[in-house]
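Have a look at query00.cif below; it lists mmCIF, C-alpha atoms and all ligand atoms; chains and numbers go by the auth columns.
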```cif
data_query
#
loop_
_atom_site.group_PDB
_atom_site.id
_atom_site.type_symbol
_atom_site.label_atom_id
_atom_site.label_comp_id
_atom_site.label_asym_id
_atom_site.label_seq_id
_atom_site.Cartn_x
_atom_site.Cartn_y
_atom_site.Cartn_z
_atom_site.B_iso_or_equiv
_atom_site.auth_seq_id
_atom_site.auth_asym_id
ATOM 1 C CA MET A 1 27.272 -8.030 -7.877 0.00 1 A
ATOM 2 C CA SER A 2 28.476 -7.761 -4.298 0.00 2 A
ATOM 3 C CA SER A 3 26.935 -9.795 -1.495 0.00 3 A
ATOM 4 C CA PRO A 4 24.543 -8.130 0.957 0.00 4 A
ATOM 5 C CA GLU A 5 26.107 -6.326 3.856 0.00 5 A
ATOM 6 C CA PRO A 6 25.612 -7.629 7.409 0.00 6 A
ATOM 7 C CA GLN A 7 22.381 -6.379 8.939 0.00 7 A
ATOM 8 C CA ALA A 8 22.248 -4.402 12.132 0.00 8 A
ATOM 9 C CA SER A 9 18.613 -5.262 12.779 0.00 9 A
ATOM 10 C CA ASN A 10 16.617 -8.238 13.960 0.00 10 A
ATOM 11 C CA MET A 11 14.895 -8.658 10.589 0.00 11 A
ATOM 12 C CA ASP A 12 16.001 -11.875 8.936 0.00 12 A
ATOM 13 C CA PHE A 13 15.298 -11.594 5.238 0.00 13 A
ATOM 14 C CA SER A 14 15.388 -14.783 3.206 0.00 14 A
ATOM 15 C CA GLU A 15 18.216 -15.425 0.771 0.00 15 A
ATOM 16 C CA GLN A 16 15.694 -14.964 -2.032 0.00 16 A
ATOM 17 C CA THR A 17 14.625 -11.581 -0.671 0.00 17 A
ATOM 18 C CA LEU A 18 18.232 -10.466 -0.254 0.00 18 A
ATOM 19 C CA ALA A 19 18.939 -11.484 -3.848 0.00 19 A
ATOM 20 C CA ARG A 20 15.974 -9.401 -5.020 0.00 20 A
ATOM 21 C CA PHE A 21 17.318 -6.440 -3.011 0.00 21 A
ATOM 22 C CA GLN A 22 20.706 -6.850 -4.628 0.00 22 A
ATOM 23 C CA ARG A 23 19.230 -6.790 -8.109 0.00 23 A
ATOM 24 C CA GLU A 24 17.712 -3.402 -7.305 0.00 24 A
ATOM 25 C CA ILE A 25 20.802 -2.056 -5.534 0.00 25 A
ATOM 26 C CA ALA A 26 22.955 -3.019 -8.531 0.00 26 A
ATOM 27 C CA LYS A 27 21.017 -0.536 -10.685 0.00 27 A
ATOM 28 C CA TYR A 28 22.679 2.389 -8.878 0.00 28 A
ATOM 29 C CA PRO A 29 26.253 3.513 -8.201 0.00 29 A
ATOM 30 C CA VAL A 30 27.491 2.097 -4.899 0.00 30 A
ATOM 31 C CA GLU A 31 27.472 5.518 -3.270 0.00 31 A
ATOM 32 C CA HIS A 32 23.818 5.933 -4.224 0.00 32 A
ATOM 33 C CA LYS A 33 22.502 2.528 -3.195 0.00 33 A
ATOM 34 C CA ALA A 34 19.934 4.272 -0.986 0.00 34 A
ATOM 35 C CA SER A 35 18.128 5.018 -4.249 0.00 35 A
ATOM 36 C CA ALA A 36 16.909 1.420 -4.140 0.00 36 A
ATOM 37 C CA VAL A 37 14.858 2.066 -1.003 0.00 37 A
ATOM 38 C CA MET A 38 11.460 2.251 -2.715 0.00 38 A
ATOM 39 C CA ALA A 39 12.111 -0.919 -4.669 0.00 39 A
ATOM 40 C CA CYS A 40 13.243 -2.765 -1.532 0.00 40 A
ATOM 41 C CA LEU A 41 10.149 -1.619 0.364 0.00 41 A
ATOM 42 C CA ALA A 42 7.983 -2.799 -2.533 0.00 42 A
ATOM 43 C CA ILE A 43 9.683 -6.211 -2.446 0.00 43 A
ATOM 44 C CA VAL A 44 9.006 -6.578 1.274 0.00 44 A
ATOM 45 C CA GLN A 45 5.408 -5.524 0.872 0.00 45 A
ATOM 46 C CA HIS A 46 4.901 -7.914 -2.045 0.00 46 A
ATOM 47 C CA GLU A 47 6.278 -10.791 0.003 0.00 47 A
ATOM 48 C CA GLN A 48 4.825 -9.960 3.423 0.00 48 A
ATOM 49 C CA GLY A 49 1.786 -7.827 2.655 0.00 49 A
ATOM 50 C CA PHE A 50 3.052 -4.861 4.647 0.00 50 A
ATOM 51 C CA VAL A 51 6.259 -3.167 5.805 0.00 51 A
ATOM 52 C CA SER A 52 6.983 -3.706 9.483 0.00 52 A
ATOM 53 C CA PRO A 53 9.311 -1.501 11.565 0.00 53 A
ATOM 54 C CA GLU A 54 11.721 -4.455 11.667 0.00 54 A
ATOM 55 C CA ALA A 55 11.724 -4.623 7.868 0.00 55 A
ATOM 56 C CA GLU A 56 12.390 -0.888 7.662 0.00 56 A
ATOM 57 C CA GLU A 57 15.357 -1.317 9.994 0.00 57 A
ATOM 58 C CA GLY A 58 16.657 -4.242 7.959 0.00 58 A
ATOM 59 C CA ILE A 59 16.429 -2.268 4.725 0.00 59 A
ATOM 60 C CA ALA A 60 18.071 0.721 6.383 0.00 60 A
ATOM 61 C CA ALA A 61 21.001 -1.432 7.462 0.00 61 A
ATOM 62 C CA ILE A 62 21.432 -2.893 3.988 0.00 62 A
ATOM 63 C CA LEU A 63 21.225 0.484 2.252 0.00 63 A
ATOM 64 C CA GLY A 64 23.331 2.364 4.812 0.00 64 A
ATOM 65 C CA MET A 65 20.440 4.641 5.723 0.00 65 A
ATOM 66 C CA ALA A 66 19.062 5.867 9.011 0.00 66 A
ATOM 67 C CA PRO A 67 15.927 3.854 9.912 0.00 67 A
ATOM 68 C CA ILE A 68 13.958 7.092 10.220 0.00 68 A
ATOM 69 C CA ALA A 69 14.823 7.945 6.609 0.00 69 A
ATOM 70 C CA VAL A 70 13.330 4.639 5.465 0.00 70 A
ATOM 71 C CA HIS A 71 10.311 5.214 7.678 0.00 71 A
ATOM 72 C CA GLU A 72 9.797 8.615 6.072 0.00 72 A
ATOM 73 C CA VAL A 73 9.523 6.930 2.680 0.00 73 A
ATOM 74 C CA THR A 74 7.129 4.271 3.978 0.00 74 A
ATOM 75 C CA THR A 75 4.839 6.853 5.528 0.00 75 A
ATOM 76 C CA PHE A 76 4.964 9.307 2.614 0.00 76 A
ATOM 77 C CA TYR A 77 3.417 6.996 0.034 0.00 77 A
ATOM 78 C CA ASN A 78 -0.081 5.520 0.358 0.00 78 A
ATOM 79 C CA MET A 79 1.036 2.407 -1.469 0.00 79 A
ATOM 80 C CA TYR A 80 3.144 1.167 1.437 0.00 80 A
ATOM 81 C CA ASN A 81 1.134 -0.552 4.150 0.00 81 A
ATOM 82 C CA GLN A 82 2.368 -0.176 7.699 0.00 82 A
ATOM 83 C CA GLN A 83 0.154 -2.994 8.925 0.00 83 A
ATOM 84 C CA PRO A 84 -1.610 -5.928 7.285 0.00 84 A
ATOM 85 C CA VAL A 85 -4.465 -4.903 5.003 0.00 85 A
ATOM 86 C CA GLY A 86 -7.449 -6.661 3.519 0.00 86 A
ATOM 87 C CA GLN A 87 -7.554 -8.554 0.248 0.00 87 A
ATOM 88 C CA PHE A 88 -8.860 -5.333 -1.285 0.00 88 A
ATOM 89 C CA LYS A 89 -7.383 -2.025 -0.165 0.00 89 A
ATOM 90 C CA LEU A 90 -9.710 0.814 -1.081 0.00 90 A
ATOM 91 C CA ASN A 91 -8.261 4.322 -1.116 0.00 91 A
ATOM 92 C CA VAL A 92 -10.919 7.002 -1.544 0.00 92 A
ATOM 93 C CA CYS A 93 -9.585 10.451 -2.412 0.00 93 A
ATOM 94 C CA THR A 94 -10.640 13.099 0.078 0.00 94 A
ATOM 95 C CA ASN A 95 -8.347 15.868 -1.133 0.00 95 A
ATOM 96 C CA LEU A 96 -9.982 19.246 -1.781 0.00 96 A
ATOM 97 C CA PRO A 97 -11.099 18.930 -5.433 0.00 97 A
ATOM 98 C CA CYS A 98 -12.674 15.556 -4.677 0.00 98 A
ATOM 99 C CA GLN A 99 -14.146 16.935 -1.455 0.00 99 A
ATOM 100 C CA LEU A 100 -15.980 19.527 -3.542 0.00 100 A
ATOM 101 C CA ARG A 101 -17.545 16.681 -5.539 0.00 101 A
ATOM 102 C CA ASN A 102 -18.551 14.283 -2.766 0.00 102 A
ATOM 103 C CA GLY A 103 -15.210 12.614 -2.024 0.00 103 A
ATOM 104 C CA GLN A 104 -15.918 12.572 1.694 0.00 104 A
ATOM 105 C CA THR A 105 -19.429 11.273 1.016 0.00 105 A
ATOM 106 C CA ALA A 106 -17.928 8.461 -1.053 0.00 106 A
ATOM 107 C CA LEU A 107 -15.532 7.524 1.758 0.00 107 A
ATOM 108 C CA GLU A 108 -18.320 7.555 4.332 0.00 108 A
ATOM 109 C CA HIS A 109 -20.561 5.533 2.039 0.00 109 A
ATOM 110 C CA VAL A 110 -17.946 2.804 1.637 0.00 110 A
ATOM 111 C CA CYS A 111 -17.200 2.782 5.366 0.00 111 A
ATOM 112 C CA GLY A 112 -20.890 2.621 6.169 0.00 112 A
ATOM 113 C CA ARG A 113 -21.566 -0.238 3.752 0.00 113 A
ATOM 114 C CA LEU A 114 -18.645 -2.234 5.174 0.00 114 A
ATOM 115 C CA GLY A 115 -19.143 -1.250 8.821 0.00 115 A
ATOM 116 C CA VAL A 116 -15.622 0.072 9.305 0.00 116 A
ATOM 117 C CA GLU A 117 -14.007 3.346 10.281 0.00 117 A
ATOM 118 C CA PRO A 118 -11.474 4.983 7.943 0.00 118 A
ATOM 119 C CA TYR A 119 -8.228 2.951 8.048 0.00 119 A
ATOM 120 C CA GLY A 120 -10.230 0.003 9.323 0.00 120 A
ATOM 121 C CA SER A 121 -10.551 -3.505 7.919 0.00 121 A
ATOM 122 C CA THR A 122 -13.551 -5.774 7.769 0.00 122 A
ATOM 123 C CA ALA A 123 -13.547 -8.705 10.179 0.00 123 A
ATOM 124 C CA ASP A 124 -13.378 -11.179 7.294 0.00 124 A
ATOM 125 C CA GLY A 125 -10.148 -9.578 6.087 0.00 125 A
ATOM 126 C CA VAL A 126 -11.577 -8.759 2.667 0.00 126 A
ATOM 127 C CA PHE A 127 -11.553 -4.957 2.774 0.00 127 A
ATOM 128 C CA THR A 128 -9.436 -2.138 4.165 0.00 128 A
ATOM 129 C CA VAL A 129 -10.729 1.401 3.621 0.00 129 A
ATOM 130 C CA GLN A 130 -8.486 4.442 3.705 0.00 130 A
ATOM 131 C CA PRO A 131 -8.800 8.115 2.761 0.00 131 A
ATOM 132 C CA SER A 132 -6.260 9.199 0.190 0.00 132 A
ATOM 133 C CA GLU A 133 -4.490 12.332 -0.925 0.00 133 A
ATOM 134 C CA CYS A 134 -4.913 13.529 -4.524 0.00 134 A
ATOM 135 C CA LEU A 135 -4.727 10.686 -7.025 0.00 135 A
ATOM 136 C CA GLY A 136 -4.154 13.015 -9.955 0.00 136 A
ATOM 137 C CA ALA A 137 -7.547 12.603 -11.599 0.00 137 A
ATOM 138 C CA CYS A 138 -9.469 15.453 -9.954 0.00 138 A
ATOM 139 C CA ALA A 139 -11.741 16.027 -12.970 0.00 139 A
ATOM 140 C CA ASP A 140 -13.108 12.501 -12.477 0.00 140 A
ATOM 141 C CA ALA A 141 -14.093 13.010 -8.828 0.00 141 A
ATOM 142 C CA PRO A 142 -14.998 11.177 -6.744 0.00 142 A
ATOM 143 C CA VAL A 143 -11.945 9.044 -7.449 0.00 143 A
ATOM 144 C CA MET A 144 -10.612 5.952 -5.739 0.00 144 A
ATOM 145 C CA LEU A 145 -7.820 3.414 -6.075 0.00 145 A
ATOM 146 C CA VAL A 146 -8.131 -0.352 -5.585 0.00 146 A
ATOM 147 C CA ASN A 147 -5.036 -2.192 -4.380 0.00 147 A
ATOM 148 C CA ASP A 148 -2.778 0.695 -5.400 0.00 148 A
ATOM 149 C CA ARG A 149 -3.254 -0.137 -9.053 0.00 149 A
ATOM 150 C CA GLN A 150 -6.739 0.289 -10.433 0.00 150 A
ATOM 151 C CA MET A 151 -8.084 3.843 -10.584 0.00 151 A
ATOM 152 C CA LEU A 152 -11.855 4.238 -10.613 0.00 152 A
ATOM 153 C CA SER A 153 -13.626 7.467 -11.577 0.00 153 A
ATOM 154 C CA PHE A 154 -16.984 9.110 -10.926 0.00 154 A
ATOM 155 C CA MET A 155 -17.698 6.852 -7.955 0.00 155 A
ATOM 156 C CA ASP A 156 -21.196 7.832 -6.965 0.00 156 A
ATOM 157 C CA GLU A 157 -23.083 5.683 -4.479 0.00 157 A
ATOM 158 C CA GLN A 158 -24.509 3.381 -7.151 0.00 158 A
ATOM 159 C CA ARG A 159 -21.082 2.695 -8.642 0.00 159 A
ATOM 160 C CA LEU A 160 -19.597 2.192 -5.189 0.00 160 A
ATOM 161 C CA ASP A 161 -22.257 -0.379 -4.341 0.00 161 A
ATOM 162 C CA GLU A 162 -21.644 -2.162 -7.642 0.00 162 A
ATOM 163 C CA LEU A 163 -17.912 -2.202 -6.960 0.00 163 A
ATOM 164 C CA LEU A 164 -18.315 -3.618 -3.452 0.00 164 A
ATOM 165 C CA ALA A 165 -20.657 -6.320 -4.728 0.00 165 A
ATOM 166 C CA THR A 166 -18.186 -7.260 -7.467 0.00 166 A
ATOM 167 C CA LEU A 167 -15.248 -7.426 -5.068 0.00 167 A
ATOM 168 C CA GLN A 168 -17.228 -9.368 -2.474 0.00 168 A
ATOM 169 C CA ALA A 169 -18.187 -11.917 -5.124 0.00 169 A
ATOM 170 C CA HIS A 170 -14.550 -12.171 -6.203 0.00 170 A
ATOM 171 C CA ALA A 171 -13.399 -12.656 -2.606 0.00 171 A
ATOM 172 C CA ALA A 172 -15.986 -15.396 -2.079 0.00 172 A
ATOM 173 C CA ALA A 173 -14.836 -17.174 -5.236 0.00 173 A
ATOM 174 C CA HIS A 174 -11.126 -16.626 -4.593 0.00 174 A
ATOM 175 C CA PRO A 175 -10.489 -16.547 -0.834 0.00 175 A
ATOM 176 C CA VAL A 176 -6.915 -15.878 0.208 0.00 176 A
ATOM 177 C CA ALA A 177 -5.238 -17.324 3.280 0.00 177 A
ATOM 178 C CA GLN A 178 -2.946 -14.346 3.748 0.00 178 A
ATOM 179 C CA HIS A 179 -4.271 -10.964 2.934 0.00 179 A
ATOM 180 C CA LYS A 180 -1.675 -9.508 0.660 0.00 180 A
ATOM 181 C CA LYS A 181 -2.203 -6.957 -2.010 0.00 181 A
HETATM 182 S S1 LIG B . -8.312 15.669 -5.399 0.00 201 A
HETATM 183 FE FE1 LIG B . -9.061 13.678 -5.754 0.00 201 A
HETATM 184 S S2 LIG B . -7.975 13.061 -7.538 0.00 201 A
HETATM 185 FE FE2 LIG B . -7.230 15.048 -7.136 0.00 201 A
#
```

As structure tokens, what does this structure read like?
Ligand code: FES
Amino acid sequence: MSSPEPQASNMDFSEQTLARFQREIAKYPVEHKASAVMACLAIVQHEQGFVSPEAEEGIAAILGMAPIAVHEVTTFYNMYNQQPVGQFKLNVCTNLPCQLRNGQTALEHVCGRLGVEPYGSTADGVFTVQPSECLGACADAPVMLVNDRQMLSFMDEQRLDELLATLQAHAAAHPVAQHKK
């Protein structure tokens, strides 16, 4: 395993982070090390809670990519956060099939209950609410995703209220100092 290349950015990754990058980079031929970009972005997000422009530049330098190419990956996928998010990131699908079965209503219901605009976070840092593109479960509309991992189906207003109550109770019992996913 070769050592990380010098960085041409002002992002100082820890030795531990660089070692995690290298484990991912080593999975690909040297000339295709850019293939590790999604894994490296996921590592940064796991450690920092979001992917900053400085982190994108640092990853670009390590992988020999243009910073804009890394930014294109970050912005293409909902799972990468471009700013800090709440303890619970709620993505409500508002793509067309869900729209036809109250997807927009579900998003507005969640925003209304939490007093935030789409893409906003609650003042206590517990929730961030975002619209989402198709989550691949259109027949279950309205559909949403919690923290990029848990898919929830048929989210009518009653189920949304039950979900918010459950998550609020969890947040009260398990407060986090830094709001990472
Ligand atoms: S449109 Fe919502 S899951 Fe496909």

Determine, counting only C-alpha atoms, which protein, DNA and RNA residues have an atom within 7 Å of an atom of region 123-140 of chain A; residues of the same chain fewer than 3 positions away are not included. Present the result as a list of chain:residue names.
->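 Once the adjacent positions are removed, what remains is A:Val85, A:Gly86, A:Gln87, A:Phe88, A:Lys89, A:Leu90, A:Asn91, A:Val92, A:Cys93, A:Thr94, A:Asn95, A:Pro97, A:Cys98, A:Leu107, A:Cys111, A:Pro118, A:Tyr119, A:Gly120, A:Val143, A:Ser153, A:Phe154, A:Ala171, A:His179.
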
Atoms to include: C-alpha atoms. Write the selected residues as a short mmCIF file (atom, residue, chain, number, x, y, z; two decimals), keeping the file's coordinate frame.
```cif
data_model
loop_
_atom_site.label_atom_id
_atom_site.label_comp_id
_atom_site.auth_asym_id
_atom_site.auth_seq_id
_atom_site.Cartn_x
_atom_site.Cartn_y
_atom_site.Cartn_z
CA VAL A 85 -4.46 -4.90 5.00
CA GLY A 86 -7.45 -6.66 3.52
CA GLN A 87 -7.55 -8.55 0.25
CA PHE A 88 -8.86 -5.33 -1.28
CA LYS A 89 -7.38 -2.02 -0.16
CA LEU A 90 -9.71 0.81 -1.08
CA ASN A 91 -8.26 4.32 -1.12
CA VAL A 92 -10.92 7.00 -1.54
CA CYS A 93 -9.59 10.45 -2.41
CA THR A 94 -10.64 13.10 0.08
CA ASN A 95 -8.35 15.87 -1.13
CA PRO A 97 -11.10 18.93 -5.43
CA CYS A 98 -12.67 15.56 -4.68
CA LEU A 107 -15.53 7.52 1.76
CA CYS A 111 -17.20 2.78 5.37
CA PRO A 118 -11.47 4.98 7.94
CA TYR A 119 -8.23 2.95 8.05
CA GLY A 120 -10.23 0.00 9.32
CA VAL A 143 -11.94 9.04 -7.45
CA SER A 153 -13.63 7.47 -11.58
CA PHE A 154 -16.98 9.11 -10.93
CA ALA A 171 -13.40 -12.66 -2.61
CA HIS A 179 -4.27 -10.96 2.93
#
```

Can you list, as a count of residues only, every protein, DNA or RNA residue that comes within 9 Å of Pro53 (chain A) when you count only C-alpha atoms, leaving out same-chain residues fewer than 2 positions away?
-> 8

Nearest to ligand LIG 201 (chain A), restricted to all atoms listed in the file and choosing among A:Thr122, A:Asn102, A:Thr166, A:Gln150, comes out as A:Asn102

Name every residue that the PyMOL selection byres (((chain A and resi 161) around 12) and not hetatm) selects in this structure, writing the answer as a PyMOL selection string with chains first and numbers rising.
-> chain A and resi 106+109-114+155-160+162-168

Okay, now the selection with C-alpha atoms, as a short mmCIF file (atom, residue, chain, number, x, y, z; two decimals), in the coordinates of the input?
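File written: selection-v1.cif
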```
data_model
loop_
_atom_site.label_atom_id
_atom_site.label_comp_id
_atom_site.auth_asym_id
_atom_site.auth_seq_id
_atom_site.Cartn_x
_atom_site.Cartn_y
_atom_site.Cartn_z
CA ALA A 106 -17.93 8.46 -1.05
CA HIS A 109 -20.56 5.53 2.04
CA VAL A 110 -17.95 2.80 1.64
CA CYS A 111 -17.20 2.78 5.37
CA GLY A 112 -20.89 2.62 6.17
CA ARG A 113 -21.57 -0.24 3.75
CA LEU A 114 -18.64 -2.23 5.17
CA MET A 155 -17.70 6.85 -7.96
CA ASP A 156 -21.20 7.83 -6.96
CA GLU A 157 -23.08 5.68 -4.48
CA GLN A 158 -24.51 3.38 -7.15
CA ARG A 159 -21.08 2.70 -8.64
CA LEU A 160 -19.60 2.19 -5.19
CA GLU A 162 -21.64 -2.16 -7.64
CA LEU A 163 -17.91 -2.20 -6.96
CA LEU A 164 -18.32 -3.62 -3.45
CA ALA A 165 -20.66 -6.32 -4.73
CA THR A 166 -18.19 -7.26 -7.47
CA LEU A 167 -15.25 -7.43 -5.07
CA GLN A 168 -17.23 -9.37 -2.47
#
```

What are the centre and the three edge lengths of an axis-aligned box that wraps all atoms of ligand LIG 201 (chain A) in the file, given that 5 Å is added to every side, written as AutoDock Vina command-line options and rounded to one decimal in Å?
```
--center_x -8.1 --center_y 14.4 --center_z -6.5 --size_x 11.8 --size_y 12.6 --size_z 12.1
```

Mind telling me what the PyMOL selection byres (((chain A and resi 25) around 10) and not hetatm) catches here, as a list in words?
->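 Those residues are Met1, Ser2, Pro4, Ala19, Arg20, Phe21, Gln22, Arg23, Glu24, Ala26, Lys27, Tyr28, Pro29, Val30, His32, Lys33, Ala34, Ser35, Ala36, Val37, Ala39, Cys40, Ile62 and Leu63 of chain A.
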